[in-house]
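**Student:** Coordinates in model_23.txt, compact mmCIF, C-alpha atoms and all ligand atoms, are listed below.
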# COMPACT_ATOMS: atom_id res chain seq x y z
CA MET L 1 -6.34 40.79 -4.52
CA GLY L 2 -5.44 37.58 -6.41
CA GLN L 3 -2.12 38.97 -7.61
CA GLU L 4 -1.19 40.04 -4.09
CA ILE L 5 -1.95 36.62 -2.61
CA PHE L 6 -0.15 34.81 -5.40
CA GLU L 7 2.96 36.94 -4.84
CA GLU L 8 2.77 36.46 -1.09
CA LEU L 9 2.65 32.67 -1.51
CA LEU L 10 5.45 32.76 -4.06
CA GLY L 11 7.56 34.97 -1.80
CA ARG L 12 7.69 32.26 0.85
CA LEU L 13 9.01 29.75 -1.67
CA GLU L 14 11.71 32.23 -2.74
CA GLY L 15 12.74 32.42 0.90
CA ILE L 16 14.01 28.84 0.76
CA GLY L 17 16.41 29.77 -2.03
CA ARG L 18 17.81 32.57 0.09
CA GLU L 19 18.54 30.34 3.06
CA VAL L 20 20.35 27.56 1.20
CA PRO L 21 24.14 27.66 1.62
CA ASP L 22 25.84 28.01 -1.72
CA GLY L 23 27.11 24.47 -2.29
CA ARG L 24 27.10 24.62 -6.05
CA ARG L 25 30.01 22.94 -7.69
CA TRP L 26 30.14 23.98 -11.30
CA GLY L 27 30.88 27.38 -12.71
CA TYR L 28 27.91 27.47 -15.05
CA ASP L 29 25.49 27.09 -12.15
CA GLN L 30 26.55 30.47 -10.83
CA LYS L 31 24.47 31.99 -13.59
CA TYR L 32 21.28 30.77 -11.95
CA GLU L 33 19.76 31.46 -8.57
CA ILE L 34 18.49 28.57 -6.43
CA LYS L 35 15.18 30.40 -6.08
CA ASP L 36 14.81 30.38 -9.87
CA ALA L 37 15.45 26.63 -9.98
CA LEU L 38 12.86 26.13 -7.22
CA LYS L 39 10.21 28.27 -8.86
CA SER L 40 10.81 26.75 -12.31
CA ALA L 41 10.32 23.24 -10.91
CA PHE L 42 7.37 24.44 -8.86
CA GLY L 43 5.73 25.76 -12.06
CA VAL L 44 5.89 22.31 -13.64
CA PHE L 45 3.92 20.91 -10.68
CA PHE L 46 1.62 23.88 -10.23
CA PHE L 47 0.50 23.85 -13.87
CA GLN L 48 0.80 20.03 -14.05
CA HIS L 49 2.68 20.59 -17.25
CA PRO L 50 5.74 18.34 -17.74
CA SER L 51 6.95 20.12 -20.88
CA MET L 52 6.22 23.64 -19.59
CA LEU L 53 9.83 24.76 -19.24
CA GLN L 54 10.70 23.54 -22.73
CA PHE L 55 7.82 25.56 -24.22
CA GLN L 56 8.67 28.65 -22.21
CA ARG L 57 12.36 28.49 -23.23
CA ALA L 58 11.18 28.33 -26.87
CA MET L 59 8.85 31.28 -26.22
CA GLN L 60 11.79 33.24 -24.80
CA GLU L 61 13.79 32.55 -27.98
CA LYS L 62 10.97 33.62 -30.25
CA ARG L 63 9.28 36.45 -28.37
CA LYS L 64 12.07 37.54 -26.00
CA ARG L 65 9.75 37.01 -23.03
CA ASN L 66 8.17 34.00 -21.36
CA ASN L 67 5.47 33.20 -18.78
CA VAL L 68 7.78 31.62 -16.22
CA THR L 69 9.51 34.98 -15.97
CA THR L 70 6.37 37.10 -15.95
CA ILE L 71 4.13 34.92 -13.76
CA LEU L 72 6.63 33.16 -11.48
CA LYS L 73 9.23 35.97 -11.50
CA VAL L 74 12.07 33.68 -12.62
CA ALA L 75 14.98 35.78 -13.93
CA GLU L 76 16.22 33.05 -16.30
CA ILE L 77 14.96 29.46 -16.65
CA PRO L 78 17.72 26.93 -15.82
CA SER L 79 17.96 23.65 -17.77
CA ASP L 80 16.30 20.56 -16.25
CA THR L 81 19.71 19.16 -15.26
CA GLN L 82 20.71 22.46 -13.65
CA ILE L 83 17.43 22.54 -11.73
CA LYS L 84 18.14 19.10 -10.31
CA THR L 85 21.73 20.00 -9.43
CA LEU L 86 20.75 23.29 -7.81
CA ILE L 87 18.04 21.87 -5.58
CA ASP L 88 19.71 18.55 -4.72
CA ASN L 89 21.34 19.97 -1.59
CA ILE L 90 18.33 21.84 -0.22
CA GLU L 91 17.27 20.40 3.15
CA PRO L 92 13.57 19.36 3.09
CA ALA L 93 13.13 20.98 6.54
CA GLY L 94 13.46 24.37 4.83
CA PHE L 95 9.91 23.91 3.52
CA ASP L 96 8.50 23.88 7.02
CA THR L 97 8.14 27.65 7.27
CA VAL L 98 6.68 27.78 3.75
CA PHE L 99 3.84 25.35 4.50
CA SER L 100 3.03 26.84 7.90
CA GLY L 101 3.48 30.43 6.66
CA ASN L 102 1.00 29.74 3.87
CA LEU L 103 -1.49 28.44 6.45
CA GLY L 104 -1.01 31.81 8.18
CA ILE L 105 -1.86 33.57 4.91
CA ALA L 106 -4.93 31.32 4.56
CA ASP L 107 -5.94 32.24 8.12
CA LYS L 108 -5.59 35.95 7.41
CA HIS L 109 -8.23 35.49 4.71
CA GLY L 110 -10.59 33.58 7.00
CA ILE L 111 -10.02 30.17 5.40
CA ILE L 112 -8.88 28.27 8.48
CA ASP L 113 -11.99 29.25 10.45
CA LYS L 114 -14.09 27.47 7.81
CA TYR L 115 -12.24 24.25 8.67
CA ARG L 116 -12.79 24.53 12.44
CA VAL L 117 -15.40 21.83 12.94
CA LEU L 118 -14.60 20.15 16.26
CA ASP L 119 -14.19 22.07 19.54
CA ASP L 120 -13.03 25.11 17.59
CA GLY L 121 -10.29 23.07 15.93
CA VAL L 122 -9.48 21.59 12.53
CA LEU L 123 -9.15 17.96 11.44
CA ILE L 124 -5.75 16.91 10.09
CA ALA L 125 -5.68 13.54 8.32
CA LEU L 126 -2.28 11.82 8.39
CA ASP L 127 -1.29 8.99 6.09
CA GLY L 128 1.83 7.25 4.86
CA VAL L 129 2.16 7.53 1.11
CA TRP L 130 4.73 6.18 -1.31
CA TYR L 131 5.81 8.34 -4.24
CA HIS L 132 8.79 6.67 -5.92
CA SER L 133 9.91 3.10 -6.49
CA SER L 134 12.59 1.68 -8.72
CA GLU L 135 15.03 -1.20 -8.95
CA ASN L 136 17.67 1.03 -10.51
CA ILE L 137 17.16 4.68 -9.65
CA HIS L 138 17.99 5.62 -6.08
CA CYS L 139 19.65 8.23 -3.88
CA LYS L 140 21.21 8.16 -0.43
CA HIS L 141 17.87 8.86 1.26
CA CYS L 142 15.92 6.09 -0.49
CA LEU L 143 14.35 3.35 1.59
CA HIS L 144 14.83 -0.16 0.29
CA LYS L 145 13.32 -3.60 0.58
CA GLU L 146 13.96 -6.95 -1.02
CA ILE L 147 11.24 -8.38 -3.26
CA ASP L 148 11.83 -11.79 -4.91
CA GLY L 149 15.59 -11.46 -4.48
CA LYS L 150 15.67 -7.98 -6.03
CA VAL L 151 16.24 -4.74 -4.13
CA MET L 152 13.46 -2.20 -4.55
CA TYR L 153 14.28 1.43 -3.74
CA TYR L 154 11.46 3.72 -2.76
CA HIS L 155 10.47 6.99 -1.09
CA SER L 156 7.52 7.62 1.13
CA ILE L 157 6.26 10.34 3.43
CA VAL L 158 3.76 10.81 6.21
CA ALA L 159 1.52 13.35 4.53
CA GLY L 160 -0.89 15.55 6.44
CA THR L 161 -3.81 17.57 5.21
CA ILE L 162 -6.56 19.65 6.78
CA VAL L 163 -9.91 18.16 5.79
CA LYS L 164 -13.58 18.87 6.32
CA PRO L 165 -16.43 16.42 5.78
CA GLY L 166 -18.46 17.34 2.71
CA ASP L 167 -15.78 19.65 1.35
CA GLY L 168 -13.42 18.58 -1.44
CA ALA L 169 -10.86 21.33 -0.82
CA VAL L 170 -8.10 19.81 1.29
CA LEU L 171 -5.23 21.89 2.62
CA PRO L 172 -1.83 20.13 2.90
CA VAL L 173 0.44 20.78 5.88
CA MET L 174 4.18 20.07 6.05
CA PRO L 175 4.71 16.30 5.67
CA GLU L 176 7.44 14.25 7.34
CA MET L 177 9.86 12.34 5.14
CA ILE L 178 10.16 8.63 5.85
CA THR L 179 13.83 8.50 5.13
CA ASN L 180 17.04 6.77 6.03
CA GLU L 181 19.45 9.04 7.82
CA ASP L 182 22.99 9.37 6.51
CA GLY L 183 24.99 6.26 7.36
CA SER L 184 22.07 4.56 9.11
CA GLU L 185 21.38 0.94 8.27
CA LYS L 186 18.05 0.96 10.07
CA GLN L 187 14.99 1.51 7.88
CA ASP L 188 12.77 4.38 8.91
CA CYS L 189 9.01 3.71 9.17
CA GLU L 190 5.64 5.45 9.14
CA ILE L 191 5.19 5.26 12.92
CA ASN L 192 8.58 6.82 13.70
CA ALA L 193 8.07 9.51 11.08
CA THR L 194 4.64 10.34 12.55
CA LYS L 195 6.17 10.68 16.02
CA ARG L 196 8.79 13.05 14.59
CA TRP L 197 6.02 15.02 12.84
CA LEU L 198 4.22 15.39 16.18
CA LYS L 199 7.35 16.60 17.98
CA LYS L 200 8.23 19.07 15.24
CA HIS L 201 4.76 20.50 14.69
CA GLY L 202 2.91 20.09 17.99
CA LYS L 203 3.72 23.60 19.22
CA GLU L 204 3.70 25.20 15.81
CA TYR L 205 0.19 23.98 14.99
CA LYS L 206 -1.25 24.61 18.47
CA TRP L 207 -3.37 27.48 17.11
CA LEU L 208 -5.17 25.00 14.83
CA LYS L 209 -6.44 23.01 17.89
CA ALA L 210 -6.13 19.95 15.70
CA THR L 211 -7.76 16.56 15.95
CA LEU L 212 -5.69 14.02 14.03
CA LEU L 213 -7.31 11.39 11.83
CA GLY L 214 -5.35 8.22 11.17
CA ASP L 215 -5.73 4.59 10.22
CA ASP L 216 -5.59 1.46 12.38
CA LEU L 217 -1.79 1.61 12.53
CA PHE L 218 -2.10 4.68 14.80
CA SER L 219 -4.66 3.40 17.30
CA ASN L 220 -2.20 2.14 19.90
CA TYR L 221 -0.96 3.32 23.28
CA PRO L 222 2.35 5.00 22.27
CA MET L 223 0.84 6.90 19.34
CA CYS L 224 -2.25 8.09 21.24
CA MET L 225 0.00 9.24 24.11
CA ALA L 226 2.35 11.04 21.68
CA VAL L 227 -0.65 12.95 20.26
CA LEU L 228 -2.00 13.90 23.70
CA GLU L 229 1.47 15.03 24.86
CA GLN L 230 1.42 17.61 22.04
CA GLY L 231 -1.98 18.90 23.19
CA MET L 232 -3.72 17.49 20.14
CA SER L 233 -6.71 15.13 19.90
CA PHE L 234 -7.27 12.03 17.79
CA ILE L 235 -9.89 9.96 16.03
CA PHE L 236 -8.12 6.82 14.81
CA THR L 237 -9.63 3.87 12.97
CA CYS L 238 -9.69 0.82 15.22
CA LYS L 239 -10.10 -2.63 13.70
CA PRO L 240 -11.20 -5.52 15.94
CA LYS L 241 -8.49 -7.94 14.76
CA SER L 242 -5.59 -5.70 15.70
CA HIS L 243 -7.06 -4.84 19.13
CA PRO L 244 -8.16 -8.11 20.78
CA TRP L 245 -8.15 -6.66 24.34
CA LEU L 246 -10.31 -3.69 23.39
CA THR L 247 -12.59 -5.86 21.22
CA GLU L 248 -13.22 -8.26 24.10
CA THR L 249 -14.09 -5.37 26.42
CA ILE L 250 -16.53 -4.01 23.88
CA THR L 251 -18.12 -7.38 23.20
CA ASN L 252 -18.74 -7.85 26.93
CA SER L 253 -20.02 -4.36 27.65
CA TYR L 254 -23.27 -2.54 27.28
CA LEU L 255 -22.83 0.12 24.57
CA ASP L 256 -24.90 3.26 24.18
CA GLU L 257 -26.72 3.30 20.88
CA LEU L 258 -28.39 5.68 18.44
CA SER L 259 -30.12 4.87 15.15
CA VAL L 260 -30.47 7.49 12.43
CA LYS L 261 -32.66 6.94 9.38
CA ASN L 262 -31.49 8.38 6.10
CA TRP L 263 -32.68 8.37 2.50
CA LYS L 264 -30.00 8.05 -0.16
CA GLY L 265 -31.75 8.39 -3.51
CA LYS L 266 -34.42 5.70 -3.51
CA ASN L 267 -32.66 3.70 -0.81
CA HIS L 268 -33.60 3.85 2.81
CA HIS L 269 -30.53 3.54 5.05
CA VAL L 270 -30.21 3.23 8.79
CA GLY L 271 -27.00 4.26 10.53
CA THR L 272 -26.48 2.62 13.91
CA TYR L 273 -24.01 4.36 16.19
CA LYS L 274 -22.68 2.48 19.23
CA TRP L 275 -20.21 3.83 21.74
CA LEU L 276 -18.42 3.18 25.00
CA ASN L 277 -16.45 5.82 26.88
CA GLY L 278 -13.46 4.78 28.98
CA VAL L 279 -12.01 1.72 27.25
CA GLU L 280 -8.43 0.67 27.92
CA ILE L 281 -5.75 0.47 25.27
CA ARG L 282 -2.59 -1.13 26.57
CA ASP L 283 1.16 -1.14 26.17
CA ASP L 284 2.62 -3.84 28.45
CA LYS L 285 1.73 -2.54 31.90
CA LYS L 286 0.64 0.96 30.92
CA THR L 287 -2.91 1.75 29.95
CA LEU L 288 -4.75 4.71 28.51
CA LEU L 289 -8.49 5.21 28.65
CA VAL L 290 -9.95 6.08 25.27
CA ASN L 291 -13.48 6.21 23.91
CA TYR L 292 -14.76 3.78 21.31
CA LEU L 293 -17.26 4.56 18.55
CA TYR L 294 -18.74 2.17 16.01
CA LEU L 295 -20.90 2.88 12.98
CA GLU L 296 -22.79 0.46 10.79
CA ILE L 297 -24.93 1.57 7.86
CA LYS L 298 -27.57 -0.87 6.61
CA ASN L 299 -29.93 -0.78 3.67
CA LYS L 300 -33.31 -1.05 5.37
CA GLU L 301 -34.97 -2.95 2.50
CA THR L 302 -32.24 -5.50 1.73
CA GLY L 303 -30.68 -5.68 5.20
CA LYS L 304 -27.26 -5.44 3.56
CA VAL L 305 -24.48 -3.70 5.51
CA GLY L 306 -23.05 -1.01 3.22
CA TYR L 307 -20.49 0.42 5.65
CA LYS L 308 -19.02 -0.39 9.03
CA ASN L 309 -16.09 1.03 10.93
CA GLY L 310 -14.85 1.65 14.44
CA TRP L 311 -12.69 4.42 15.94
CA VAL L 312 -10.96 5.32 19.16
CA THR L 313 -10.86 8.94 20.27
CA ASN L 314 -9.99 11.04 23.31
CA LYS L 315 -13.19 13.06 22.76
CA THR L 316 -16.06 12.07 25.03
CA ILE L 317 -18.79 10.49 22.91
CA THR L 318 -22.39 11.50 23.51
CA LYS L 319 -25.76 11.07 21.84
CA GLU L 320 -25.38 14.65 20.59
CA ASN L 321 -21.93 14.34 18.97
CA CYS L 322 -21.70 10.65 17.89
CA VAL L 323 -22.94 11.37 14.35
CA SER L 324 -20.45 14.21 13.84
CA LEU L 325 -17.54 12.28 15.36
CA ALA L 326 -18.16 9.36 13.00
CA ALA L 327 -18.36 11.78 10.04
CA PHE L 328 -15.02 13.27 11.14
CA GLY L 329 -13.48 9.80 11.45
CA ARG L 330 -14.75 8.94 7.98
CA ALA L 331 -13.19 12.14 6.55
CA ARG L 332 -9.81 10.37 6.82
CA TRP L 333 -10.38 8.82 3.38
CA LYS L 334 -10.08 12.30 1.88
CA ILE L 335 -6.32 12.17 2.27
CA GLU L 336 -6.25 9.00 0.18
CA ASN L 337 -8.75 10.14 -2.41
CA GLU L 338 -8.18 13.82 -2.85
CA HIS L 339 -4.58 14.19 -1.78
CA ASN L 340 -2.46 11.08 -2.29
CA ASN L 341 -3.91 10.42 -5.72
CA VAL L 342 -2.72 13.79 -6.93
CA LEU L 343 0.72 13.08 -5.54
CA LYS L 344 0.90 9.65 -7.11
CA ASN L 345 -0.64 10.44 -10.44
CA HIS L 346 1.28 13.59 -11.11
CA GLY L 347 4.34 13.57 -8.86
CA TYR L 348 5.75 10.26 -9.93
CA ASN L 349 5.60 11.04 -13.64
CA LEU L 350 6.87 14.53 -13.24
CA GLU L 351 9.99 13.39 -11.41
CA HIS L 352 11.19 11.91 -14.70
CA ASN L 353 11.56 15.43 -16.07
CA PHE L 354 14.44 16.25 -13.81
CA GLY L 355 15.80 12.91 -12.62
CA HIS L 356 16.07 11.55 -9.10
CA GLY L 357 19.13 13.38 -7.77
CA LYS L 358 21.77 12.02 -5.42
CA ASN L 359 20.82 13.75 -2.22
CA HIS L 360 17.48 15.52 -1.59
CA ALA L 361 16.18 16.34 -5.10
CA SER L 362 13.54 13.60 -5.10
CA GLU L 363 12.21 14.80 -1.73
CA ILE L 364 12.20 18.43 -2.87
CA PHE L 365 10.16 17.54 -5.98
CA CYS L 366 7.65 15.80 -3.72
CA LEU L 367 7.45 18.88 -1.47
CA LEU L 368 7.03 21.21 -4.45
CA ASN L 369 4.22 19.02 -5.68
CA LEU L 370 2.42 19.18 -2.32
CA LEU L 371 3.06 22.90 -2.07
CA SER L 372 1.50 23.46 -5.49
CA PHE L 373 -1.52 21.55 -4.21
CA GLN L 374 -1.67 23.87 -1.17
CA PHE L 375 -1.42 26.93 -3.49
CA HIS L 376 -4.35 25.71 -5.58
CA THR L 377 -6.55 25.18 -2.51
CA ILE L 378 -5.75 28.60 -1.06
CA LEU L 379 -6.21 30.41 -4.38
CA GLY L 380 -9.44 28.48 -4.95
CA LEU L 381 -10.77 29.83 -1.64
CA VAL L 382 -9.62 33.45 -1.78
CA ASP L 383 -8.74 34.52 -5.34
CA GLU L 384 -11.89 35.67 -7.13
CA GLY L 385 -10.21 35.42 -10.54
CA TYR L 386 -9.21 31.83 -9.84
CA GLN L 387 -12.68 30.98 -8.49
CA SER L 388 -14.34 32.42 -11.58
CA ALA L 389 -11.98 30.53 -13.96
CA ARG L 390 -12.41 27.28 -12.01
CA ALA L 391 -16.21 27.62 -11.86
CA SER L 392 -16.41 28.12 -15.62
CA ILE L 393 -14.82 24.71 -16.27
CA SER L 394 -16.55 21.85 -14.51
CA ARG L 395 -13.87 19.15 -14.59
CA ARG L 396 -10.58 19.53 -12.76
CA ASP L 397 -8.53 17.89 -15.54
CA GLU L 398 -10.20 20.18 -18.10
CA PHE L 399 -9.31 23.18 -15.94
CA PHE L 400 -5.65 22.14 -16.07
CA ASN L 401 -5.91 21.72 -19.86
CA HIS L 402 -7.01 25.37 -19.99
CA LEU L 403 -4.11 26.45 -17.75
CA ARG L 404 -1.62 24.67 -20.00
CA ALA L 405 -3.15 26.06 -23.20
CA ALA L 406 -3.13 29.60 -21.78
CA LEU L 407 0.56 29.21 -20.89
CA ARG L 408 1.44 27.87 -24.29
CA TYR L 409 -0.49 30.25 -26.54
CA GLY L 410 -0.56 33.48 -24.57
CA LEU L 411 2.06 35.73 -23.06
CA HIS L 412 0.82 37.21 -19.80
CA ASP L 413 2.19 40.08 -17.75
CA ASN L 414 1.39 38.51 -14.40
CA TRP L 415 -0.74 35.93 -12.55
CA GLN L 416 -3.88 38.05 -12.55
CA GLN L 417 -3.81 38.59 -16.31
CA PHE L 418 -3.09 34.91 -16.82
CA ILE L 419 -6.10 33.72 -14.81
CA ILE L 420 -8.38 36.25 -16.55
CA PHE L 421 -7.15 34.80 -19.87
CA VAL L 422 -7.99 31.27 -18.62
CA ARG L 423 -11.51 32.47 -17.79
CA HIS L 424 -12.30 34.61 -20.82
CA GLY L 425 -9.78 33.68 -23.54
CA PRO L 426 -7.80 36.24 -25.56
CA PRO L 427 -9.04 39.86 -25.24
CA ASP L 428 -10.28 39.91 -28.85
CA GLY L 429 -11.81 36.41 -28.61
ZN ZN X 1 15.93 8.27 -3.54
Kindly present the structure from the file in structure tokens form.
**Tutor:**
Amino acid sequence: MGQEIFEELLGRLEGIGREVPDGRRWGYDQKYEIKDALKSAFGVFFFQHPSMLQFQRAMQEKRKRNNVTTILKVAEIPSDTQIKTLIDNIEPAGFDTVFSGNLGIADKHGIIDKYRVLDDGVLIALDGVWYHSSENIHCKHCLHKEIDGKVMYYHSIVAGTIVKPGDGAVLPVMPEMITNEDGSEKQDCEINATKRWLKKHGKEYKWLKATLLGDDLFSNYPMCMAVLEQGMSFIFTCKPKSHPWLTETITNSYLDELSVKNWKGKNHHVGTYKWLNGVEIRDDKKTLLVNYLYLEIKNKETGKVGYKNGWVTNKTITKENCVSLAAFGRARWKIENEHNNVLKNHGYNLEHNFGHGKNHASEIFCLLNLLSFQFHTILGLVDEGYQSARASISRRDEFFNHLRAALRYGLHDNWQQFIIFVRHGPPDG
């Protein structure tokens, strides 16, 4: 089954290559297909292996076959420069159907249902994340700002990922590029990009019945309204300083309260949940009634507050659901910890393989990186061969060491054989 799923996921990525108009300028590029450039670059991210293509080209020379061809079905590996040139004119929006189609594949295998934790819907954490900055390297879609008299060019996105409290496997959805439009002098921003994300994906993701998780930047009237207009729900962090009106209302109101005792190792903690339904958030003359939830966790022995946070949500808060709602609100950190870190720690370095590009290449590398992340999560949940290989190696970085070694020292007929090799080593070993 693993081979079938892997090919199904890969097939969607190939689809992008088919839809791109042929804007290639140089004769030698005609030798290579855009889909081969996409899949070659994807392999570098998927295996987190910056020198993968170099090794596989050498393998081709020596053994007349290579793993990029057998596993990723690439007819011929283009050079790094050709890869950049070939994918520079791909529109990022082309990845939309790939991300959502892959979620459909995940659903077919029962994965999405495991993430339905609130009113039969999933939690999608959204967060702005930067993935490139340079004083020298830039393209026409870079954002820029002046720092100490110097211009800094950078790229960022509003990333989204399906999360579940207590589960490390996060499932990325299509992000929205924070990007300057052609000829526009106005800098794009996280809020505008999030509103575009909502308009683009509201209908498409209706079947997920999503509740969005976001930071304090999102807990305002226009953003909450934009979410509700798309039929989605929200749990957004709400800090007292940035919401004086709401904070005053809360300070002067009687809040419902629930205390929950908990043992964490030898420490005795008490979580105090306080809530108030029907609080106004305002935008000039317009108001929206939201519900406010606050959690404070104290060490019972020392009296020290270990955690405190507040959220606004459109979900009605009750004694029965306040603990879960707070846990869902807290799951927002997963996008920072388990998603953005991967993007930052691997994506930024890997871009230097291919270069930045003039048009969309930098954005496409970012999308390929996120897509490889989505592949790993889906395979980890449905491919028994992958699960067995992953379970045999406790650390994630060690697992990737094994993937890279298997690519370098073995020649494999397909994905399934490759992952069996990762698990068990060479047949005679
Ligand atoms: Zn750029």
**Student:** At a cut-off of 7 Å, using all atoms listed in the file, what residues contact stretch 310-318 of chain L? Leave out same-chain residues fewer than 2 positions from it and give the result as a list in words.
**Tutor:**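 The filter keeps Ser219, Ser233, Phe234, Ile235, Phe236, Thr237, Cys238, Lys239, Trp275, Asn277, Val290, Asn291, Tyr292, Leu293, Tyr294, Leu295, Glu320, Asn321 and Cys322 of chain L.
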**Student:** What separation in Å, quoted to one decimal, exists between atom CA of L:Gly380 and atom CA of L:Asp113?
**Tutor:**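 If I compute the distance from atom CA of L:Gly380 to atom CA of L:Asp113, I get 15.6 Å.
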**Student:** So, counting all atoms listed in the file, which residue among L:Arg404, L:Lys300, L:Lys266, L:His412 is closest to L:Ile71?
**Tutor:**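 Nearest to L:Ile71: L:His412.
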**Student:** Residues proximal to (4.3, 26.3, 3.8) were defined as those with any atom within 10 Å of that point in the file's coordinates, counting only C-alpha atoms. Which are they, as an MDAnalysis selection string?
**Tutor:** chainID L and resid 9 12:13 94:105 172:174 367 370:371 374:375
**Student:** Once you count only C-alpha atoms, which residues end up no further than 10 Å from (8.2, 35.4, -19.3) in the file's frame, shown as a PyMOL selection string?
**Tutor:** chain L and resi 56-57+59-60+63-77+407+411-414
**Student:** Please determine, counting only C-alpha atoms and all ligand atoms, which residue among L:Ser242, L:Ser79, L:Asn369, L:Asn359 has the shortest atom-to-atom distance to ligand ZN 1 (chain X).
**Tutor:**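 For ligand ZN 1 (chain X), the nearest of the candidates is L:Asn359.
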**Student:** Any residue with an atom at most 12 Å from ligand ZN 1 (chain X) counts, using all atoms listed in the file. Which are they? Put them as JSON, numbers by chain.
**Tutor:** {"L": [88, 130, 131, 132, 133, 134, 135, 136, 137, 138, 139, 140, 141, 142, 143, 144, 152, 153, 154, 155, 156, 177, 178, 179, 180, 181, 351, 355, 356, 357, 358, 359, 360, 361, 362, 363, 364, 365, 366]}
**Student:** For a quick check of understanding, using only C-alpha atoms, which of L:Phe45, L:Tyr386, L:Trp415, L:Tyr254 has the smallest distance to L:Lys274?
**Tutor:** L:Tyr254
**Student:** Could you state the separation of atom CA of L:Met1 and atom CA of L:Ser394 in Å, given to one decimal place?
**Tutor:** 23.7 Å
**Student:** Skipping near chain neighbours, those fewer than 2 positions away, what residues fall within 8 Å of stretch 376-379 of chain L using all atoms listed in the file, listed as a PyMOL selection string?
**Tutor:** chain L and resi 2+5-6+46+106+111+169-171+372-374+381-383+386-387
**Student:** How many Å lie between atom CA of L:Lys203 and atom CA of L:Val163, rounded to one decimal?
**Tutor:**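 That distance, rounded to one decimal, is 19.9 Å.
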**Student:** For each of L:Trp197, L:Lys304, L:Gly214, L:Glu248, take the minimum atom-to-atom distance to L:Gln230, counting all atoms listed in the file, then give the residue where this is smallest.
**Tutor:**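 Result for the nearest residue to L:Gln230: L:Trp197.
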